[in-house]
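Here is the structure we will look at, set down as C-alpha cells.
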Amino acid sequence: MGRSALADVDQRLLIFAVWPELNDALFGESDRKVICSKRRAIELFLSGESKKIPTETGLDRRETIRLIKRCLVVHEDGRIFGFRALAPYVHVFEYRREKMPIAETDSTHAGLSGSFEQLLRIYPELRGLIETFVLKLSKKKYAHESRIPLKSLHKLFLDKCRELGLNSPPRYPFGTETLGHRALSVYVRKLLLENGAAAIPARFGKDAAKKMQAGDGTARPIFKPYGRVECDAHHIDAIFCVLIPSIFGELVPKIIRRLWLIVIKDVASRAILGYALSMRLEINEDDLLAAIRFSLGPWKPRALSIPNMEYHRGAGFPGSHNSRLLGACWEEFSVDGAMANHAAHVKHVLDELVGSEPVTLSRHNPNDRPFVERFFKTLEENGFHRLPNTTGDSVDDPRRDNPELAATEYRMQLDHLEDLIDVMIANFNAEPHTSNGYRSPLEYLEYLCAHGNDWPPTADQSLVQRLTVRRRSVIVRGNLESGHRPHINFEGVKYTNELLRQSLGLIGKSIFVEWEGDIRIIKGYTEQGSELGSLRAAPPWHLTPHTLEMRRAVNSLRNRKVLHYLEGSDPIHEYLTHLVKTSREAKVVPSAYLQAIRVIQDNADSSTGAFESAVQLVPKIGSIEGKIVAINEPQNSKEFTPIVLRKGRKAING
C-alpha cells in the first residue's frame with residue numbers, strides 16, 4: 001500500500017539498508033530525536049508498515065513520502081543523499097531565485113541571493129563566456145591565457161553584460177557594490193569543482209591533472225617480495241667530461257650531455273635490483289634490456305678509479321647478497337608508456353624469461369611510480385647535487401655554478417660517473433631504511449622471502465647471459481655457375497666461414513644469425529637449429545670492433561658524402577677519426593663517440609694492427625693532474641657517501 005505512492009521511482013533505490021548513513025551521534029539530543037523519528041518513519045514506510053508511522057514517530061504518510069523523495073536526490077558525490085538528507089539544515093536542492101533583483105547599491109548584499117545563477121539562466125551566453133575562458137574551450141577561436149585572472153574574466157563578463165543591454169537601464173549586476181565580482185568568484189570555484197577533468201588541466205596544468213589521475217597505492221598494495229618492480233629512466237643532474245686526443249697528442253677534456261640512468265626497484269623491500277647507464281640521446285630497448293640483464297645476472301664490485309672510494313660492508317645487489325636471489329623473477333613490471341618499454345623484443349623477454357607482463361602507467365607521472373622516483377630524488381640530493389659539476393634541479397638552482405667548467409677543471413670523467421653510480425646504488429642497498437624496520441633493503445628482501453618461505457622463481461643464467469642477443473633471418477647467397485660459394489650479406493657486409501662455404505645446398509635458403517655487441521663475428525644456424533659456426537665479416541670490416549649502430553652510422557655518413565675512405569682501409573677507424581674531429585669542434589661530445597669508445601674498450605683484447613691504431617683514438621681514463629678525488633665518511637646512515645674534490649689544500653665540497 002505504501003510503496004504505490006513511489007511507483008515511478010526505481011525500486012532498487014528503495015532498499016534503505018544500503019543508503020549512505022548519517023552519524024546522528026554528532027548532533028545534540030533534540031536534533032538526534034528528530035533524526036531518529038524521521039529515519040524510523042522511512043523504514044516503516046518502505047517495509048510496508050506505514051500504519052505504524054503516526055503512533056511510533058508522530059509523522060504522517062505525506063510527510064514521510066516527502067522525506068523519502070529528499071533522500072533519493074542525487075548528491076554531488078554521485079550517490080543518493082540517503083539518510084544524509086535527514087541532517088538539520090541540509091539543502092538537497094539548490095536555491096532557485098524567481099523574483100528579479102532590484103538594481104540598487106546595497107553594501108549589505110541583502111536581497112540578492114541567487115541573482116547570479118538567475119542571470120546565467122536567463123542569459124546562457126554569459127554562462128558560455130565564463131566556461132569558455134575558465135575551461136579553455138574553443139581554442140581555435142581564442143588564444144587563451146595560461147590561467148586567466150579573475151579580474152580579467154570579470155571585465156569580459158561586464159563587457160558581455162553591456163553588450164546585452166543590462167546597463168541601460170541598470171539591472172543586475174550593475175548597480176551592486178562589486179558588480180557581481182564576488183558572485184563570479186564563487187561560480188568559478190564551483191565550476192572548477194564540478195568539471196575537474198576539464199578544469200584541472202586547463203587551470204592548473206598537465207602535471208596537476210596527471211597527479212589527480214594517479215592512485216595513492218591503496219588499491220594495489222604490494223607486500224610480497226618481487227610482487228611488483230618499478231622501472232624508470234632519469235636524466236642525471238650533473239655534467240661530466242671525456243678526454244679527447246687533440247691534434248698535438250695531449251688529452252683535452254670535452255663535456256658530454258647529461259646521461260640517462262635506468263633503474264629497476266622492488267616495491268616491497270625498496271631494494272634496487274639493477275640499473276643501466278645509457279649514453280644515447282633517448283633510451284631504447286637495448287638500454288632497457290641491459291637493465292633487466294643486470295637485475296637477473298651476477299654482480300661483482302668494480303675496480304674503482306677514484307682514490308679512497310669504497311663499497312660499504314654488505315653493499316651489493318640481491319644476487320650477491322643471497323645466492324637464492326640470483327636471477328629472481330618478478331610478477332609485475334611497472335613502467336610508463338615509453339616506446340622502449342613496449343618493444344616487441346622486451347615484451348618477449350619479460351614473458352618468456354621472467355614470466356611477467358608490463359603494467360603500463362601514465363608517462364612523465366612520478367606519482368604512479370613513487371618508489372623509483374623517490375630513489376632518484378635521494379640519489380640526486382645525497383649524491384650528484386653535492387658535486388661541483390651538478391646542474392641542480394633547474395637553471396635557477398643556486399647549486400648550479402657553471403657545471404661545464406667544473407667538469408672539465410676537475411676532470412670528472414665518464415669512468416668516474418660509472419664508478420660513482422655503482423658505489424652509491426650498492427651502498428644504498430646496504431643502508432638501513434625506516435620503512436623496512438631499520439633493516440637494509442637487501443636484509444629486508446631476504447627476510448620477506450625466508451619468513452614466508454616465499455622465494456621467487458629464478459631465471460636460467462644461461463638464458464640471462466643471452467638476453468641481449470639479437471636474431472635475424474637472412475638468405476644464403478651464392479652461384480654455382482659463376483663459382484661464388486655460399487655466403488650471407490648482413491648490413492651490407494659479406495659473411496662466411498669454411499662450413500658455410502661447403503654447404504652448397506643452403507644456397508637460396510634462409511638461415512638464422514645471432515649477434516651481441518661486436519658484429520665482426522656472428523653465429524649462424526639453419527632453420528632446423530643446426531649450428532653453422534661463427535661467420536666472419538669480410539675485410540676490412542673484420543679489423544676493429546663495432547656494433548650494428550656503428551656500422552649503420554658509417555654507411556649513412558658515406559651515403560651522404562660526409563665520410564670518405566678508400567677500399568681496403570678500416571671504415572671504423574675512419575669513423576672514429578671523424579667522431580674525434582667532430583668532438584674537438586663541438587661544445588658537447590656526440591653520444592655516438594661515447595658508445596664507440598665503450599665498444600673499443602670492452603674489446604681491448606684484440607691484437608690486430610688496425611685495432612691498435614683505433615685505440616689511439618680511444619684513451620682510457622686520464623690523470624687528475626694533481627687534483628685529488630677523495631671520499632668522506634657518510635654523515636649519517638641515510639646518506640650516500642659524498643665526494644670532495646680538493647684543489648691544492650683548499651677543499652671544494654659538493
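A note on labels: chains of the C-alpha cells are A, B, ... as shown, every chain counts residues from 1, and ligands are counted from 1 in their shown order.
Near stretch 424-432 of chain A, within 8 Å and counting only C-alpha atoms, sit A:Ala271, A:Ile272, A:Tyr311, A:His312, A:Arg313, A:Gly314, A:Ala315, A:Gly316, A:Phe317, A:Leu379, A:Gly383, A:Leu420, A:Ile421, A:Asn436, A:Tyr438, A:Arg439, A:Ser440, A:Pro441, A:Leu442, A:Glu443, A:Ser637, A:Lys638, A:Phe640, A:Thr641, not including residues fewer than 3 positions from it in the same chain.
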- prompt: Nearest to A:Ser47 among A:Leu191, A:Val476, A:Leu14, A:Leu548, with distances taken over only C-alpha atoms: which residue is it?
  reply: A:Leu14
Sorted by chain and rising residue number, list the residues of stretch 538-596 of chain A at most 9 Å from stretch 481-505 of chain A (counting only C-alpha atoms), each with its closest atom pair and distance in Å to one decimal, as a tab-separated table.
residue	atom	partner	partner_atom	distance
A:Ala538	CA	A:Lys494	CA	5.5
A:Pro539	CA	A:Lys494	CA	8.8
A:Trp541	CA	A:Val493	CA	7.6
A:Leu548	CA	A:Glu491	CA	8.0
A:Arg551	CA	A:Glu491	CA	7.7
A:Arg552	CA	A:Glu491	CA	7.6
A:Asn555	CA	A:Gly492	CA	8.5
Residues near stretch 119-127 of chain A, anyone? I mean within 12 Å using only C-alpha atoms, not counting same-chain ones fewer than 4 positions away, as a PDB file with C-alpha atoms, in the first residue's frame.
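The result, written out as result01.pdb:
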ATOM      1  CA  ARG A  96      16.370  28.872  -7.478  1.00  0.00           C
ATOM      2  CA  ARG A  97      15.510  32.565  -7.488  1.00  0.00           C
ATOM      3  CA  GLU A  98      12.361  33.612  -9.351  1.00  0.00           C
ATOM      4  CA  LYS A  99      11.938  37.268  -8.376  1.00  0.00           C
ATOM      5  CA  MET A 100      14.075  39.764 -10.295  1.00  0.00           C
ATOM      6  CA  PRO A 101      16.560  41.633  -8.051  1.00  0.00           C
ATOM      7  CA  LEU A 112      20.426  39.316  -3.898  1.00  0.00           C
ATOM      8  CA  SER A 113      20.581  35.586  -3.121  1.00  0.00           C
ATOM      9  CA  GLY A 114      20.505  33.506  -6.284  1.00  0.00           C
ATOM     10  CA  SER A 115      20.707  36.573  -8.543  1.00  0.00           C
ATOM     11  CA  GLU A 131      33.041  28.355 -19.195  1.00  0.00           C
ATOM     12  CA  THR A 132      34.941  29.143 -22.416  1.00  0.00           C
ATOM     13  CA  PHE A 133      37.660  31.114 -20.644  1.00  0.00           C
ATOM     14  CA  VAL A 134      37.854  29.088 -17.431  1.00  0.00           C
ATOM     15  CA  LEU A 135      37.863  25.660 -19.107  1.00  0.00           C
ATOM     16  CA  LEU A 153      37.402  37.436 -16.508  1.00  0.00           C
ATOM     17  CA  HIS A 154      35.209  39.886 -14.596  1.00  0.00           C
ATOM     18  CA  LEU A 156      34.987  40.246 -20.033  1.00  0.00           C
ATOM     19  CA  PHE A 157      31.831  39.346 -18.100  1.00  0.00           C
ATOM     20  CA  LEU A 158      30.823  43.009 -17.649  1.00  0.00           C
ATOM     21  CA  ASP A 159      31.569  43.797 -21.298  1.00  0.00           C
ATOM     22  CA  LYS A 160      29.224  40.987 -22.312  1.00  0.00           C
ATOM     23  CA  CYS A 161      26.566  42.282 -19.901  1.00  0.00           C
ATOM     24  CA  ARG A 162      26.799  45.732 -21.505  1.00  0.00           C
ATOM     25  CA  GLU A 163      26.519  44.115 -24.913  1.00  0.00           C
ATOM     26  CA  LEU A 164      23.274  42.503 -23.720  1.00  0.00           C
ATOM     27  CA  GLY A 165      21.976  45.918 -22.586  1.00  0.00           C
ATOM     28  CA  LEU A 166      21.939  45.194 -18.863  1.00  0.00           C
ATOM     29  CA  ARG A 171      19.975  45.770 -13.953  1.00  0.00           C
ATOM     30  CA  TYR A 172      21.902  43.129 -12.051  1.00  0.00           C
ATOM     31  CA  PRO A 173      24.917  43.047 -11.770  1.00  0.00           C
ATOM     32  CA  PHE A 174      25.092  46.816 -12.440  1.00  0.00           C
ATOM     33  CA  GLY A 180      28.925  40.741  -9.375  1.00  0.00           C
ATOM     34  CA  ALA A 183      29.329  36.015  -7.155  1.00  0.00           C
ATOM     35  CA  LEU A 184      31.542  35.385 -10.185  1.00  0.00           C
ATOM     36  CA  TYR A 187      30.677  30.476  -9.500  1.00  0.00           C
ATOM     37  CA  VAL A 188      34.175  29.940 -10.977  1.00  0.00           C
ATOM     38  CA  LEU A 191      32.715  25.373 -11.964  1.00  0.00           C
TER      39      LEU A 191
END
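Between atom CA of A:Val242 and atom CA of A:Ser583 there is a distance of 9.9 Å.
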message: So that I can see what lies close to stretch 288-299 of chain A, please list as a ChimeraX atom specification the residues with an atom at most 8 Å from it, counting only C-alpha atoms and leaving out residues fewer than 2 positions away in the same chain.
response: /A:262-264,273-276,283-286,301,316-317,319-320,326-329,340-341,346,459,461,464-465,467-468
Output N, CA and C atoms of each residue in that selection to a file, as a tab-separated table (two decimals), in the first residue's frame.
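The result, written out as out30.tsv:
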chain	number	residue	atom	x	y	z
A	262	ILE	N	68.82	4.18	-15.91
A	262	ILE	CA	67.63	3.33	-15.85
A	262	ILE	C	67.74	2.44	-14.63
A	263	VAL	N	66.71	2.43	-13.79
A	263	VAL	CA	66.75	1.70	-12.52
A	263	VAL	C	65.53	0.80	-12.41
A	264	ILE	N	65.74	-0.40	-11.86
A	264	ILE	CA	64.65	-1.34	-11.55
A	264	ILE	C	64.64	-1.54	-10.04
A	273	LEU	N	67.28	-3.62	-7.83
A	273	LEU	CA	67.64	-4.91	-8.42
A	273	LEU	C	68.70	-4.76	-9.50
A	274	GLY	N	68.69	-3.66	-10.21
A	274	GLY	CA	69.66	-3.46	-11.27
A	274	GLY	C	69.51	-2.10	-11.89
A	275	TYR	N	70.47	-1.75	-12.73
A	275	TYR	CA	70.45	-0.45	-13.39
A	275	TYR	C	71.23	-0.54	-14.69
A	276	ALA	N	71.12	0.50	-15.50
A	276	ALA	CA	71.91	0.63	-16.72
A	276	ALA	C	72.12	2.11	-16.99
A	283	ILE	N	66.68	6.78	-24.57
A	283	ILE	CA	66.90	5.36	-24.32
A	283	ILE	C	66.12	4.53	-25.33
A	284	ASN	N	66.60	3.33	-25.59
A	284	ASN	CA	65.89	2.41	-26.47
A	284	ASN	C	65.79	1.05	-25.79
A	285	GLU	N	65.30	0.06	-26.50
A	285	GLU	CA	65.06	-1.24	-25.90
A	285	GLU	C	66.35	-1.92	-25.48
A	286	ASP	N	67.47	-1.62	-26.15
A	286	ASP	CA	68.74	-2.21	-25.75
A	286	ASP	C	69.14	-1.76	-24.36
A	301	PRO	N	81.92	-6.21	-7.66
A	301	PRO	CA	82.36	-4.82	-7.48
A	301	PRO	C	83.29	-4.38	-8.60
A	316	GLY	N	75.87	-4.18	-2.28
A	316	GLY	CA	75.72	-5.07	-3.43
A	316	GLY	C	74.30	-5.10	-3.94
A	317	PHE	N	73.94	-6.21	-4.53
A	317	PHE	CA	72.62	-6.42	-5.12
A	317	PHE	C	72.08	-7.77	-4.66
A	319	GLY	N	71.39	-10.72	-5.82
A	319	GLY	CA	72.08	-11.95	-6.18
A	319	GLY	C	73.39	-12.13	-5.48
A	320	SER	N	74.09	-11.02	-5.17
A	320	SER	CA	75.36	-11.12	-4.46
A	320	SER	C	75.15	-11.26	-2.96
A	326	LEU	N	69.70	-14.89	-6.91
A	326	LEU	CA	70.34	-14.66	-8.20
A	326	LEU	C	69.38	-15.05	-9.32
A	327	GLY	N	69.02	-14.09	-10.16
A	327	GLY	CA	68.08	-14.34	-11.26
A	327	GLY	C	66.64	-14.37	-10.82
A	328	ALA	N	66.33	-13.84	-9.61
A	328	ALA	CA	64.95	-13.86	-9.11
A	328	ALA	C	64.03	-13.10	-10.05
A	329	CYS	N	62.88	-13.70	-10.37
A	329	CYS	CA	61.93	-13.11	-11.32
A	329	CYS	C	60.79	-12.42	-10.58
A	340	ALA	N	60.26	2.28	-25.67
A	340	ALA	CA	61.22	1.22	-25.35
A	340	ALA	C	60.60	0.15	-24.47
A	341	ASN	N	59.67	0.57	-23.60
A	341	ASN	CA	59.06	-0.39	-22.68
A	341	ASN	C	58.05	-1.29	-23.36
A	346	VAL	N	61.31	-6.69	-25.94
A	346	VAL	CA	61.27	-6.55	-24.48
A	346	VAL	C	60.09	-7.33	-23.91
A	459	ALA	N	65.52	-17.23	-12.97
A	459	ALA	CA	65.73	-17.42	-14.40
A	459	ALA	C	67.01	-18.21	-14.64
A	461	GLN	N	70.46	-18.89	-15.81
A	461	GLN	CA	71.54	-17.94	-16.05
A	461	GLN	C	72.09	-18.03	-17.47
A	464	VAL	N	69.86	-15.81	-19.25
A	464	VAL	CA	70.09	-14.41	-18.87
A	464	VAL	C	71.27	-13.84	-19.65
A	465	GLN	N	72.34	-14.62	-19.78
A	465	GLN	CA	73.51	-14.14	-20.50
A	465	GLN	C	73.23	-13.92	-21.97
A	467	LEU	N	70.37	-12.73	-23.00
A	467	LEU	CA	69.20	-11.85	-23.03
A	467	LEU	C	69.34	-10.74	-24.07
A	468	THR	N	70.54	-10.23	-24.24
A	468	THR	CA	70.74	-9.13	-25.18
A	468	THR	C	71.18	-9.62	-26.56
task: as number ranges by chain, please: all residues of stretch 431-513 of chain A that backbone DSSP puts in alpha helix (DSSP H).
output: A: 441-451, 461-465, 498-502
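In this structure, atom CA of A:Arg411 sits 14.6 Å away from atom CA of A:Val589.
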message: As an exercise, work out the distance from atom CA of A:Pro540 to atom CA of A:Pro590 in Å and give it to one decimal place.
response: 25.0 Å
